[in-house]
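Here is the structure we will look at.
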Amino acid sequence: MKYFSILVLIVFLGLTGCNKNSTETADNSGGEDAGETKNKLSYALGISIGGSLKDIGVDIDIASLSRGVTDIMSDKEGEMTPEEANTFIQQELQKVQAQKGEAKLLEGQKFLEENKKKKGVITTESGLQYMVIKEGTGAKPKATDTVSVHYTGTLIDGTVFDSSVERGEPIEFNVGGVIPGWTEALQLINVGSKYKIFIPSNLAYGEQGAGGQIGPNEVLIFELELLAIK
């Protein structure tokens, strides 16, 4: 499971990085107290691990976490083997992700149901929603065409996850080679037009999400300007 791998990597990097920094600090200061360094390292790892657990929404018992760390560090036979622990972690993280995905699906459905009632919003047969910001007069692309566009993508809470506008450079791609919501929307748009499109999760990245800020079952919103058909 990717989140467990990320957590292990963070701990490993934190351990190696902090050990290196602690050694350098001790050398530079003429011999920093070893106990103080150990305390700082331990606290830093706690911050790193705790932050990762908080980010992925895992509800944990601190005392049990501490007991597990103590058992493995002291080579004591614990309640689980490392292999059993890893399997259990993966199972629980999958449950967390499934719960988040279900919540996002319901949230997205509610948003789209309310959004389609707004003035100027058009809903297609597939469930895609759009509204015209500026209507152009050029040609409409086909699925086989390559186009140049400017866009800004946000989640329904307003979080910007990507923007060619912010980068100051439009992108080019094949209309049929992107997520279904974009493929459908672009074939509705004339060159020179700017639309706001609301893409249901099944026409975007679905249950898998796209990593980073786009989680499972996210509705995506784009301001999309069609600059040219290449």
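A note on labels: chains of the structure tokens are A, B, ... as shown, every chain counts residues from 1, and ligands are counted from 1 in their shown order.
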
Exercise. Which polymer residues have any atom within 10 Å of an atom of Phe161 in chain A, counting only C-alpha atoms, with same-chain residues fewer than 2 positions away left out, as a PyMOL selection string?
Worked result: chain A and resi 152-155+158-159+163+212-214+220

Exercise. Out of range 52-210 of chain A, which residues get helix (DSSP H, G or I) from DSSP, as an NGL selection string?
Worked result: :A and (52-55 or 62-73 or 82-115 or 164-167 or 175-177 or 180-186 or 201-203 or 206-208)

With C-alpha atoms retained, could you export that selection as a compact mmCIF listing (two decimals), in the first residue's frame?
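Written out: result.txt:
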# COMPACT_ATOMS: atom_id res chain seq x y z
CA SER A 52 2.21 11.10 8.16
CA LEU A 53 -0.43 9.30 10.21
CA LYS A 54 -2.42 12.52 10.56
CA ASP A 55 -2.26 13.18 6.81
CA ILE A 62 -0.48 6.54 21.21
CA ALA A 63 0.20 4.09 24.06
CA SER A 64 -0.17 1.08 21.75
CA LEU A 65 2.04 2.74 19.13
CA SER A 66 4.69 3.33 21.78
CA ARG A 67 4.44 -0.28 22.96
CA GLY A 68 4.94 -1.56 19.43
CA VAL A 69 7.99 0.63 18.92
CA THR A 70 9.42 -0.49 22.26
CA ASP A 71 8.87 -4.18 21.48
CA ILE A 72 10.54 -4.06 18.07
CA MET A 73 13.44 -1.88 19.21
CA PRO A 82 6.53 -7.68 11.50
CA GLU A 83 4.90 -9.54 8.60
CA GLU A 84 1.56 -9.74 10.41
CA ALA A 85 1.83 -6.07 11.33
CA ASN A 86 2.48 -5.04 7.73
CA THR A 87 -0.48 -7.06 6.46
CA PHE A 88 -2.78 -5.59 9.11
CA ILE A 89 -1.63 -2.03 8.35
CA GLN A 90 -2.34 -2.49 4.66
CA GLN A 91 -5.81 -3.87 5.37
CA GLU A 92 -6.68 -0.98 7.68
CA LEU A 93 -5.35 1.65 5.29
CA GLN A 94 -7.43 0.15 2.50
CA LYS A 95 -10.49 0.50 4.74
CA VAL A 96 -9.64 4.14 5.45
CA GLN A 97 -9.25 4.86 1.75
CA ALA A 98 -12.51 3.10 0.93
CA GLN A 99 -14.33 5.18 3.56
CA LYS A 100 -12.79 8.39 2.22
CA GLY A 101 -13.72 7.41 -1.32
CA GLU A 102 -17.33 6.72 -0.36
CA ALA A 103 -17.58 10.05 1.46
CA LYS A 104 -16.12 11.89 -1.54
CA LEU A 105 -18.53 10.13 -3.91
CA LEU A 106 -21.53 11.27 -1.87
CA GLU A 107 -20.10 14.78 -1.50
CA GLY A 108 -19.54 15.01 -5.26
CA GLN A 109 -23.03 13.75 -6.08
CA LYS A 110 -24.57 16.33 -3.76
CA PHE A 111 -22.46 19.11 -5.28
CA LEU A 112 -23.40 18.22 -8.86
CA GLU A 113 -27.09 17.89 -7.96
CA GLU A 114 -27.09 21.43 -6.56
CA ASN A 115 -24.81 22.81 -9.26
CA SER A 164 -1.33 26.12 -17.13
CA VAL A 165 -2.39 29.75 -16.56
CA GLU A 166 -0.24 29.96 -13.42
CA ARG A 167 2.67 28.38 -15.31
CA VAL A 175 -8.43 15.35 -27.57
CA GLY A 176 -9.00 11.60 -27.34
CA GLY A 177 -6.01 11.02 -25.10
CA PRO A 180 -13.33 11.32 -20.68
CA GLY A 181 -14.73 14.55 -19.24
CA TRP A 182 -12.16 16.61 -21.13
CA THR A 183 -12.62 14.63 -24.33
CA GLU A 184 -16.36 15.28 -24.26
CA ALA A 185 -16.11 18.93 -23.22
CA LEU A 186 -13.52 19.90 -25.80
CA SER A 201 -15.53 11.39 -10.82
CA ASN A 202 -16.48 8.61 -13.23
CA LEU A 203 -15.49 10.91 -16.12
CA GLY A 206 -12.65 7.55 -10.51
CA GLU A 207 -11.91 5.43 -7.47
CA GLN A 208 -8.16 5.50 -8.08

Problem set entry | Distance criterion (only C-alpha atoms): nearest to Ala204 in chain A out of A:Ser126, A:Glu172, A:Gly136, A:Val160 |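 Using only C-alpha atoms, the shortest distance to Ala204 in chain A belongs to A:Ser126.
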
Exercise. Just asking: which residues within range 22-143 of chain A are strand (DSSP E or B) according to DSSP, as an NGL selection string?
Worked result: :A and (122-123 or 129-134)

Taking 5 positions as the minimum chain separation for residues in the same chain, which residues sit within 7 Å of Leu128 in chain A when counting only C-alpha atoms? Answer as a PDB file with C-alpha atoms, in the first residue's frame.
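Written output follows (out-v1.pdb):
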ATOM      1  CA  THR A 123     -25.820  18.994 -17.990  1.00  0.00           C
ATOM      2  CA  GLY A 181     -14.729  14.546 -19.238  1.00  0.00           C
ATOM      3  CA  PHE A 198     -17.690  20.243 -13.854  1.00  0.00           C
ATOM      4  CA  ILE A 199     -16.524  16.663 -14.274  1.00  0.00           C
ATOM      5  CA  PRO A 200     -18.074  13.798 -12.260  1.00  0.00           C
TER       6      PRO A 200
END

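For the choices A:Ala143, A:Val121, A:Ile47, A:Val58, the atom-to-atom distance to Ile229 in chain A is smallest for A:Ala143 when using only C-alpha atoms.
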
Exercise. What lies within 12 Å of Asn190 in chain A using only C-alpha atoms, ignoring chain neighbours under 4 positions off, as a list in words?
Worked result: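 What passes the distance filter is Val132, Lys134, Glu135, Gly136, Thr137, Gly138, Ala139, Lys140, Pro141, Lys142, Val147, Val149, Ala185, Leu186, Lys194, Tyr195, Leu224, Glu225, Leu226, Leu227, Ala228 and Ile229 of chain A.
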
Seminar exercise, completed: note - CA of Lys119 in chain A and CA of Asn217 in chain A are separated by 25.5 Å

For this session: Might you pull out every residue within 8 Å of Tyr205 in chain A, with only C-alpha atoms counted and same-chain residues fewer than 6 positions away left off, and present them as a VMD selection string?
Result: chain A and resid 179 216 to 218
